[in-house]
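S.K.: The following block contains the structure, expressed as structure tokens.
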Amino acid sequence: MSANAGFLVGCAFWFLAYGSSWVAAEELGHQQAKVVKPAIDRATPAAPQSSNPTASQDPPGSGLSLFLSNGCGACHTIRGTEARGTIGPDLSHVGSRTAIGAGVLPNTEEAFARFVARPDLLKPGVKMPAFDMLPQTEIETIARYLKALQ
Ligand code: HEC
């Protein structure tokens with residue numbers, strides 16, 4: 001018994017003397033590992049990211065181009081694009097919502113088109129301007145793009 005107790009006390013002293021610095025060194029190693037990892041991630045070629053619903057290519061006339069060129073991005077954010085507005089809701093995953101326009105419309109391409117053209121008709125007092133001055137084909141392209149933002 002007393003031999004065991006002496007052993008334990010010895011261990012405790014050893015730990016106090018050397019153990020804590022060993023633990024500190026271990027932790028430092030972990031921290032360094034954490035610091036190094038993102039650098040490696042950044043160096044790897046950009047892979048498609050799930051947090052970025054819009055592919056990098058957006059040819060003129062595409063849904064994203066029309067979205068940006070018509071100023072939608074001044075009020076709405078779509079992550080991974082230049083659209084960083086905060087007045088309207090974040091549309092990064094709007095296509096996967098169950099309803100849009102705060103619940104007044106089903107989540108369909110047709111509903112997106114109607115909402116974008118005349119949001120005031122669907123939601124009285126809405127703070128989004130009407131876009132029915134755009135050609136219907138452009139509204140439909142934008143609607144298709146929004147529906148695809150899952
Ligand atoms: C002046 C700011 C403004 C601009 C510009 C604007 N919006 Fe909006 N938008 C809003 C606001 C505010 C809402 C929230 C409406 C509500 O539900 O009360 C909204 C809602 C929406 C919704 C419904 C989102 C949801 O969560 O249900 C869609 C879709 C949408 N906008 C698309 C567009 C598109 C496409 C354009 C460009 C053609 C555009 N918006 C331009 C302010 C704007």
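Naming scheme: A, B, ... for chains in displayed order of the structure tokens; residues 1 onward per chain; ligands 1 onward as shown.
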Using only C-alpha atoms, which protein or nucleic acid residues come within 9 Å of A:Ala130? Drop anything in the same chain fewer than 2 positions from it, and give the result as a PyMOL selection string.
M.R.: chain A and resi 115-120+128+132-133
S.K.: Write out as a PyMOL selection string each polymer residue (protein, DNA or RNA) that has an atom no more than 7 Å from ligand 1, with only C-alpha atoms and all ligand atoms counted.
M.R.: chain A and resi 67+70-76+87-89+91+94+99-103+112+115-116+123+126-129+131+142+146
